[in-house]
Every structure is written in structure tokens, then in C-alpha cells.
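Structure file upload07.cif; described as mmCIF, C-alpha atoms.
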```cif
data_entry
loop_
_atom_site.label_atom_id
_atom_site.label_comp_id
_atom_site.auth_asym_id
_atom_site.auth_seq_id
_atom_site.Cartn_x
_atom_site.Cartn_y
_atom_site.Cartn_z
CA MET J 1 28.04 11.81 -48.94
CA THR J 2 25.91 14.90 -49.55
CA VAL J 3 22.58 15.55 -47.86
CA ALA J 4 20.89 15.12 -51.27
CA ALA J 5 22.59 11.75 -51.81
CA ALA J 6 21.64 10.57 -48.32
CA SER J 7 17.99 11.44 -48.89
CA ALA J 8 17.85 9.84 -52.35
CA GLY J 9 17.65 6.27 -50.99
CA THR J 10 14.54 4.12 -51.41
CA PRO J 11 12.32 3.58 -48.35
CA THR J 12 12.56 0.07 -46.93
CA HIS J 13 9.09 0.07 -45.34
CA ASP J 14 5.61 1.50 -45.74
CA ALA J 15 5.51 5.30 -46.08
CA ALA J 16 2.67 5.40 -43.51
CA ASP J 17 5.23 4.30 -40.90
CA GLU J 18 7.49 7.23 -41.72
CA PRO J 19 7.75 9.95 -39.07
CA SER J 20 6.81 13.44 -40.10
CA PRO J 21 9.60 15.70 -41.38
CA GLU J 22 9.03 17.89 -38.31
CA VAL J 23 9.76 15.01 -35.94
CA VAL J 24 12.86 14.00 -37.91
CA GLN J 25 13.95 17.63 -37.70
CA LEU J 26 13.62 17.45 -33.88
CA VAL J 27 15.87 14.37 -33.90
CA GLU J 28 18.44 16.26 -35.93
CA LEU J 29 18.20 19.33 -33.70
CA LEU J 30 18.86 17.09 -30.71
CA PHE J 31 21.98 15.70 -32.44
CA PHE J 32 23.31 19.22 -33.11
CA ALA J 33 22.42 20.54 -29.66
CA TYR J 34 24.11 17.54 -28.00
CA ARG J 35 27.19 17.99 -30.20
CA ASP J 36 27.63 21.60 -29.12
CA PHE J 37 26.61 21.06 -25.47
CA THR J 38 29.16 18.28 -25.05
CA GLY J 39 31.71 20.10 -27.22
CA ASP J 40 32.03 22.86 -24.62
CA ALA J 41 33.13 20.32 -22.02
CA ASP J 42 35.07 18.17 -24.52
CA ALA J 43 37.48 21.05 -25.18
CA ILE J 44 38.24 21.35 -21.46
CA LEU J 45 38.49 17.57 -20.97
CA ALA J 46 40.97 17.32 -23.86
CA GLU J 47 43.43 19.42 -21.84
CA TYR J 48 43.55 16.49 -19.39
CA GLY J 49 43.39 13.69 -21.93
CA TYR J 50 39.90 12.79 -20.69
CA GLY J 51 36.63 12.05 -22.45
CA ARG J 52 32.93 12.17 -21.77
CA ALA J 53 33.00 9.09 -19.52
CA HIS J 54 35.37 10.90 -17.18
CA HIS J 55 33.05 13.91 -17.21
CA ARG J 56 29.96 11.88 -16.29
CA VAL J 57 31.75 10.06 -13.46
CA LEU J 58 33.27 13.26 -12.09
CA HIS J 59 29.94 15.07 -12.38
CA PHE J 60 27.97 12.63 -10.25
CA ILE J 61 30.72 12.18 -7.67
CA THR J 62 30.88 15.96 -7.31
CA ARG J 63 27.11 16.34 -7.04
CA TYR J 64 26.72 13.50 -4.53
CA PRO J 65 29.74 13.37 -2.19
CA GLY J 66 30.20 9.93 -0.66
CA LEU J 67 28.35 8.26 -3.53
CA ARG J 68 28.76 4.50 -3.45
CA VAL J 69 30.38 2.86 -6.48
CA ALA J 70 27.31 0.59 -6.73
CA ASP J 71 25.03 3.62 -6.95
CA LEU J 72 27.24 5.29 -9.56
CA LEU J 73 27.00 2.14 -11.70
CA LEU J 74 23.21 2.30 -11.43
CA ILE J 75 23.03 6.03 -12.25
CA LEU J 76 25.31 5.73 -15.29
CA ASN J 77 23.91 2.35 -16.36
CA ILE J 78 27.38 0.98 -17.07
CA THR J 79 29.36 -2.11 -16.10
CA LYS J 80 31.99 -2.34 -13.36
CA GLN J 81 34.58 -2.91 -16.05
CA SER J 82 33.63 0.29 -17.88
CA LEU J 83 33.78 2.30 -14.66
CA ALA J 84 37.01 0.74 -13.38
CA ARG J 85 39.32 2.24 -16.02
CA VAL J 86 37.83 5.73 -15.83
CA LEU J 87 37.70 5.76 -12.03
CA ARG J 88 41.29 4.50 -11.79
CA GLN J 89 42.47 7.38 -14.01
CA LEU J 90 40.58 9.94 -11.95
CA VAL J 91 42.00 8.54 -8.71
CA GLU J 92 45.56 8.33 -10.09
CA SER J 93 45.40 11.93 -11.29
CA GLY J 94 44.28 13.13 -7.86
CA LEU J 95 40.78 14.25 -8.84
CA VAL J 96 38.86 11.56 -6.92
CA VAL J 97 39.48 9.65 -3.69
CA GLN J 98 37.87 6.44 -2.49
CA SER J 99 37.12 5.49 1.08
CA ALA J 100 35.50 2.56 2.83
CA GLY J 101 31.89 2.86 3.97
CA ASP J 102 31.17 3.73 7.60
CA THR J 103 29.06 0.66 8.35
CA ASP J 104 30.15 -1.70 5.58
CA ARG J 105 33.90 -1.55 5.04
CA ARG J 106 33.49 -3.33 1.66
CA GLU J 107 31.58 -0.35 0.29
CA ARG J 108 33.60 2.12 -1.72
CA ARG J 109 32.55 5.74 -1.24
CA LEU J 110 33.69 8.35 -3.73
CA HIS J 111 34.66 11.99 -3.19
CA VAL J 112 36.23 14.64 -5.38
CA THR J 113 39.38 16.39 -4.30
CA PRO J 114 39.80 20.17 -4.48
CA ALA J 115 41.41 19.67 -7.92
CA GLY J 116 38.43 17.57 -9.04
CA ARG J 117 36.04 20.23 -7.78
CA ALA J 118 37.94 22.93 -9.69
CA LEU J 119 37.76 20.93 -12.92
CA MET J 120 34.03 20.36 -12.43
CA ARG J 121 33.49 24.10 -11.89
CA ARG J 122 35.05 24.73 -15.31
CA LEU J 123 33.03 21.97 -16.99
CA VAL J 124 29.68 22.84 -15.49
CA GLY J 125 30.34 26.55 -15.97
CA ALA J 126 30.75 26.10 -19.73
CA GLN J 127 27.60 24.02 -19.99
CA VAL J 128 25.53 26.26 -17.72
CA ARG J 129 26.44 29.27 -19.90
CA ARG J 130 25.10 27.42 -22.95
CA ILE J 131 21.90 26.33 -21.14
CA ARG J 132 21.26 29.82 -19.77
CA GLY J 133 21.78 31.34 -23.19
CA ALA J 134 19.43 28.89 -24.87
CA VAL J 135 16.73 29.26 -22.21
CA GLY J 136 17.05 33.04 -22.44
CA LEU J 137 16.46 32.92 -26.19
CA SER J 138 13.54 30.52 -25.85
CA GLY J 139 11.02 32.75 -24.10
CA ASN J 140 8.84 32.53 -21.00
CA GLY J 141 8.26 29.05 -19.63
CA ALA J 142 11.06 27.50 -21.67
CA GLU J 143 13.02 26.16 -18.71
CA ALA J 144 10.03 24.25 -17.31
CA ALA J 145 9.08 22.98 -20.78
CA VAL J 146 12.63 21.75 -21.44
CA ARG J 147 12.73 20.08 -18.02
CA ARG J 148 9.45 18.23 -18.74
CA PHE J 149 10.66 17.27 -22.23
CA LEU J 150 13.99 15.90 -21.00
CA THR J 151 12.28 14.02 -18.17
CA ALA J 152 9.82 12.49 -20.62
CA MET J 153 12.76 11.34 -22.80
CA ILE J 154 14.03 9.12 -19.96
CA GLU J 155 12.94 5.48 -20.07
CA PRO J 156 9.87 4.95 -17.87
CA GLU J 157 11.68 2.20 -15.91
CA THR J 158 14.32 4.65 -14.66
CA ARG J 159 12.36 7.90 -14.69
CA ASP J 160 11.33 7.67 -11.02
CA MET J 161 14.92 7.02 -9.95
CA VAL J 162 16.13 10.05 -11.91
CA THR J 163 13.36 12.40 -10.74
CA THR J 164 14.00 11.34 -7.15
CA LEU J 165 17.77 11.76 -7.51
CA LEU J 166 17.39 15.21 -9.04
CA ASN J 167 14.49 16.21 -6.78
CA LEU J 168 12.23 16.89 -9.76
CA PRO J 169 8.45 16.82 -9.82
CA LYS J 170 6.94 13.67 -11.25
CA LEU J 171 5.39 13.90 -14.70
CA PRO J 172 1.60 13.73 -14.89
CA LYS J 173 0.34 10.14 -14.69
CA ASP J 174 -0.59 10.00 -18.37
CA LEU J 175 3.07 10.68 -19.24
CA ASN J 176 4.63 8.23 -16.78
CA GLY J 177 3.86 5.16 -18.88
CA GLU J 178 5.33 4.23 -22.22
CA LEU J 179 6.10 7.15 -24.47
CA GLN J 180 3.93 7.28 -27.54
CA PRO J 181 5.61 7.55 -30.96
#
```
The structure in this file should be written as C-alpha cells.
Amino acid sequence: MTVAAASAGTPTHDAADEPSPEVVQLVELLFFAYRDFTGDADAILAEYGYGRAHHRVLHFITRYPGLRVADLLLILNITKQSLARVLRQLVESGLVVQSAGDTDRRERRLHVTPAGRALMRRLVGAQVRRIRGAVGLSGNGAEAAVRRFLTAMIEPETRDMVTTLLNLPKLPKDLNGELQP
């Protein structure tokens, strides 16, 4: 389907409810930026037969050594079943190891191996190059503005957890509630 054909459809609701073309353009820019940002890592992950789920799991285990499985489930907002397959593959391939908790032996703590750390260096390196390039082209204050924007995009119910985890400043009170359309 061409872009012209896609835009030729009839609106199904009141035109007053339609977002401005500028806002729709931001949505589309986010799609394209995400495609290319993840594409850098996807190419590396393909060498291992892995996907984005493996990347997310490996990322947070690398960033937070000894992370509990329960906390990883909360961070990623996924089910145990979804995590089990990905985690099993990472363990079997020697990129992640699991150990029992110090005080509660039922806890599973996660750590990356040297091979897992090397893979994460490649993945984060590719994505950091893209971020640095984009921030460099965006002018003074861009990094802080992007950080505030991305933080504001997070659901209010989980925003505090994320800002605490990442050691970010809280958004101003008027932005901490529901996001306005």
C-alpha cells in the first residue's frame, strides 16, 4: 500500500479529535528512530541467533549484577514464562549464570559471564554511538531535553521506579501525573 493510499481512508470519528499533523509526525519519527536504534543491536544479536528480548535481559543483568529474577520481571514487565525461555538460552550459551541468594536460598540472582559482558559491550557501544551522534547534531541542551522527554513517556505508575533505578531526577510535579494528550 502506498502512503497516498493509506491516507485516502475516511475518518471514523470527529475531526476535532484528530491529532495535529505535527504530533503524528512525532509518532512516525519515534517509529523510525526506534527502528534504527534497535537495528544496530539487532545486527549483532543475529550473529548469535538472539532477539531483542535477549538484549533487554542481558542489558539489565549486566547493569545490575546480582539482580533478582523477581526484580528483572518487574523491570521488564513480563511474565515468568516469557523470561524463562530467554534466560535459559542465555545460561545455556554461557552468557549468564544464576546463583542462590545469600539470605534466601530460593532467590535466584543473575550475573553475566565475561562472554556476556563482551557481547553487551558490543551492543551498548553500537547504540551509544548512535545516541552520541544524534545528541551532537541536536544542539545545546538536547541531552537533558531528550532525558526529560523519555522520562515523561513512561507510565506515571512506573516512572518513580524507573527514575530511582536509573538515578534520574524526578520530573516537576506538574508532569508526574497523567500525561496530557
What's around Arg148 of chain J at 10 Å? Count only C-alpha atoms, leave out sequence neighbours fewer than 5 positions away in its own chain, and write the answer as a PDB file with C-alpha atoms, in the coordinates of the input.
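So around.pdb came out as:
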```
ATOM      1  CA  ALA J 142      11.060  27.500 -21.670  1.00  0.00           C
ATOM      2  CA  GLU J 143      13.020  26.160 -18.710  1.00  0.00           C
ATOM      3  CA  MET J 153      12.760  11.340 -22.800  1.00  0.00           C
ATOM      4  CA  LEU J 168      12.230  16.890  -9.760  1.00  0.00           C
ATOM      5  CA  PRO J 169       8.450  16.820  -9.820  1.00  0.00           C
ATOM      6  CA  LYS J 170       6.940  13.670 -11.250  1.00  0.00           C
ATOM      7  CA  LEU J 171       5.390  13.900 -14.700  1.00  0.00           C
ATOM      8  CA  PRO J 172       1.600  13.730 -14.890  1.00  0.00           C
ATOM      9  CA  LEU J 175       3.070  10.680 -19.240  1.00  0.00           C
TER      10      LEU J 175
END
```
Once the PyMOL selection byres ((chain J and resi 101-118) around 7) is applied to the coordinates I shared, what remains selected? I want it as an mmCIF file with C-alpha atoms, in the coordinates of the input.
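Full text of result-v6.cif as output:
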```cif
data_model
loop_
_atom_site.group_PDB
_atom_site.id
_atom_site.type_symbol
_atom_site.label_atom_id
_atom_site.label_comp_id
_atom_site.auth_asym_id
_atom_site.auth_seq_id
_atom_site.Cartn_x
_atom_site.Cartn_y
_atom_site.Cartn_z
ATOM 1 C CA ILE J 61 30.720 12.180 -7.670
ATOM 2 C CA THR J 62 30.880 15.960 -7.310
ATOM 3 C CA PRO J 65 29.740 13.370 -2.190
ATOM 4 C CA GLY J 66 30.200 9.930 -0.660
ATOM 5 C CA LEU J 67 28.350 8.260 -3.530
ATOM 6 C CA ARG J 68 28.760 4.500 -3.450
ATOM 7 C CA VAL J 69 30.380 2.860 -6.480
ATOM 8 C CA GLY J 94 44.280 13.130 -7.860
ATOM 9 C CA LEU J 95 40.780 14.250 -8.840
ATOM 10 C CA VAL J 96 38.860 11.560 -6.920
ATOM 11 C CA VAL J 97 39.480 9.650 -3.690
ATOM 12 C CA GLN J 98 37.870 6.440 -2.490
ATOM 13 C CA SER J 99 37.120 5.490 1.080
ATOM 14 C CA ALA J 100 35.500 2.560 2.830
ATOM 15 C CA LEU J 119 37.760 20.930 -12.920
ATOM 16 C CA MET J 120 34.030 20.360 -12.430
ATOM 17 C CA ARG J 121 33.490 24.100 -11.890
ATOM 18 C CA ARG J 122 35.050 24.730 -15.310
#
```
(message) To test your reading of the syntax: which residues would the PyMOL selection byres ((chain J and resi 42-44) around 12) return for the file shown? Reply as a PyMOL selection string.
(response) chain J and resi 34-41+45-56+118-127
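The space separating atom CA of Leu30 of chain J from atom CA of Thr79 of chain J comes to 26.3 Å.
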(request) Return the single residue from J:Ile75, J:Leu29, J:Ile131, J:Leu83 that is closest to Thr163 of chain J, with distances computed using only C-alpha atoms. (result)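 With only C-alpha atoms as the atom set, the closest residue is J:Ile75.
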(message) Between atom CA of Val135 of chain J and atom CA of Phe60 of chain J, what is the distance in Å, rounded to a tenth?
(response)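 Interatomic distance here is 23.4 Å.
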(request) Could you jot down the atom CA of Leu58 of chain J to atom CA of Val86 of chain J separation for me, Å, one decimal place? (result)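 Between atom CA of Leu58 of chain J and atom CA of Val86 of chain J the gap works out to 9.6 Å.
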Please return the centre and edge lengths, in Å to one decimal, of a box with edges along x, y and z that contains all listed atoms of segment 143-152 of chain J, widened by 3 Å on every side, as JSON.
```
{"center_x": 11.5, "center_y": 19.3, "center_z": -19.8, "size_x": 10.9, "size_y": 19.7, "size_z": 10.9}
```
(request) Just say which residues the PyMOL selection byres ((chain J and resi 160) around 12) picks in this file, as a VMD selection string. (result) chain J and resid 75 151 to 152 154 to 159 161 to 171 173 176 to 177
Could you pull segment 34-120 of chain J out of the block above and give me C-alpha atoms, as a CSV table (one decimal), in the first residue's frame?
```csv
chain,number,residue,atom,x,y,z
J,34,TYR,CA,13.4,3.1,17.3
J,35,ARG,CA,13.8,1.0,14.1
J,36,ASP,CA,17.3,2.3,13.5
J,37,PHE,CA,18.3,2.4,17.2
J,38,THR,CA,17.3,-1.3,17.7
J,39,GLY,CA,18.6,-2.2,14.2
J,40,ASP,CA,22.2,-1.5,15.3
J,41,ALA,CA,21.9,-4.1,18.1
J,42,ASP,CA,19.7,-6.5,16.0
J,43,ALA,CA,22.5,-7.0,13.6
J,44,ILE,CA,24.9,-8.0,16.4
J,45,LEU,CA,22.2,-10.2,18.1
J,46,ALA,CA,21.5,-12.0,14.8
J,47,GLU,CA,25.1,-13.4,14.9
J,48,TYR,CA,24.1,-15.3,18.0
J,49,GLY,CA,20.5,-16.2,16.9
J,50,TYR,CA,19.1,-13.8,19.5
J,51,GLY,CA,16.5,-11.1,19.5
J,52,ARG,CA,15.5,-8.0,21.4
J,53,ALA,CA,14.2,-9.9,24.4
J,54,HIS,CA,17.7,-11.4,24.9
J,55,HIS,CA,19.2,-7.9,24.6
J,56,ARG,CA,16.9,-6.4,27.3
J,57,VAL,CA,17.5,-9.3,29.7
J,58,LEU,CA,21.3,-9.2,29.1
J,59,HIS,CA,21.3,-5.4,29.4
J,60,PHE,CA,19.7,-5.3,32.9
J,61,ILE,CA,21.7,-8.2,34.3
J,62,THR,CA,24.9,-6.5,33.1
J,63,ARG,CA,23.9,-3.1,34.6
J,64,TYR,CA,22.8,-4.6,37.9
J,65,PRO,CA,25.0,-7.6,38.9
J,66,GLY,CA,23.2,-9.9,41.3
J,67,LEU,CA,19.8,-8.7,40.1
J,68,ARG,CA,17.0,-11.0,41.4
J,69,VAL,CA,14.8,-12.7,38.8
J,70,ALA,CA,11.8,-11.2,40.5
J,71,ASP,CA,13.2,-7.7,40.1
J,72,LEU,CA,14.0,-8.4,36.4
J,73,LEU,CA,10.4,-9.4,35.8
J,74,LEU,CA,9.3,-6.2,37.4
J,75,ILE,CA,11.7,-4.0,35.4
J,76,LEU,CA,10.8,-5.7,32.1
J,77,ASN,CA,7.1,-6.0,32.9
J,78,ILE,CA,7.0,-9.6,31.5
J,79,THR,CA,5.8,-12.9,32.8
J,80,LYS,CA,7.9,-15.7,34.3
J,81,GLN,CA,7.1,-17.8,31.2
J,82,SER,CA,8.4,-15.1,28.8
J,83,LEU,CA,11.6,-14.7,30.8
J,84,ALA,CA,12.2,-18.4,31.3
J,85,ARG,CA,13.0,-19.3,27.6
J,86,VAL,CA,15.2,-16.3,27.1
J,87,LEU,CA,17.1,-16.7,30.3
J,88,ARG,CA,17.6,-20.5,29.7
J,89,GLN,CA,19.2,-19.7,26.3
J,90,LEU,CA,21.5,-17.1,27.8
J,91,VAL,CA,22.5,-19.5,30.6
J,92,GLU,CA,23.0,-22.4,28.2
J,93,SER,CA,25.2,-20.3,25.9
J,94,GLY,CA,27.4,-19.3,28.8
J,95,LEU,CA,26.5,-15.6,28.8
J,96,VAL,CA,24.6,-15.6,32.2
J,97,VAL,CA,24.9,-17.5,35.4
J,98,GLN,CA,22.4,-17.9,38.2
J,99,SER,CA,23.1,-18.3,41.9
J,100,ALA,CA,21.1,-18.6,45.0
J,101,GLY,CA,20.5,-15.6,47.2
J,102,ASP,CA,22.8,-15.1,50.3
J,103,THR,CA,19.9,-14.9,52.8
J,104,ASP,CA,17.1,-16.6,50.9
J,105,ARG,CA,18.4,-19.6,49.0
J,106,ARG,CA,15.1,-19.7,46.9
J,107,GLU,CA,16.1,-16.4,45.4
J,108,ARG,CA,17.8,-16.6,42.0
J,109,ARG,CA,20.5,-13.9,41.5
J,110,LEU,CA,21.7,-13.2,38.0
J,111,HIS,CA,25.2,-12.3,36.7
J,112,VAL,CA,26.8,-12.0,33.3
J,113,THR,CA,29.9,-14.0,32.5
J,114,PRO,CA,32.9,-12.4,30.8
J,115,ALA,CA,31.4,-13.6,27.4
J,116,GLY,CA,28.1,-11.9,28.3
J,117,ARG,CA,29.9,-8.7,29.3
J,118,ALA,CA,31.8,-8.7,26.0
J,119,LEU,CA,28.6,-9.1,24.0
J,120,MET,CA,27.0,-6.3,26.0
```
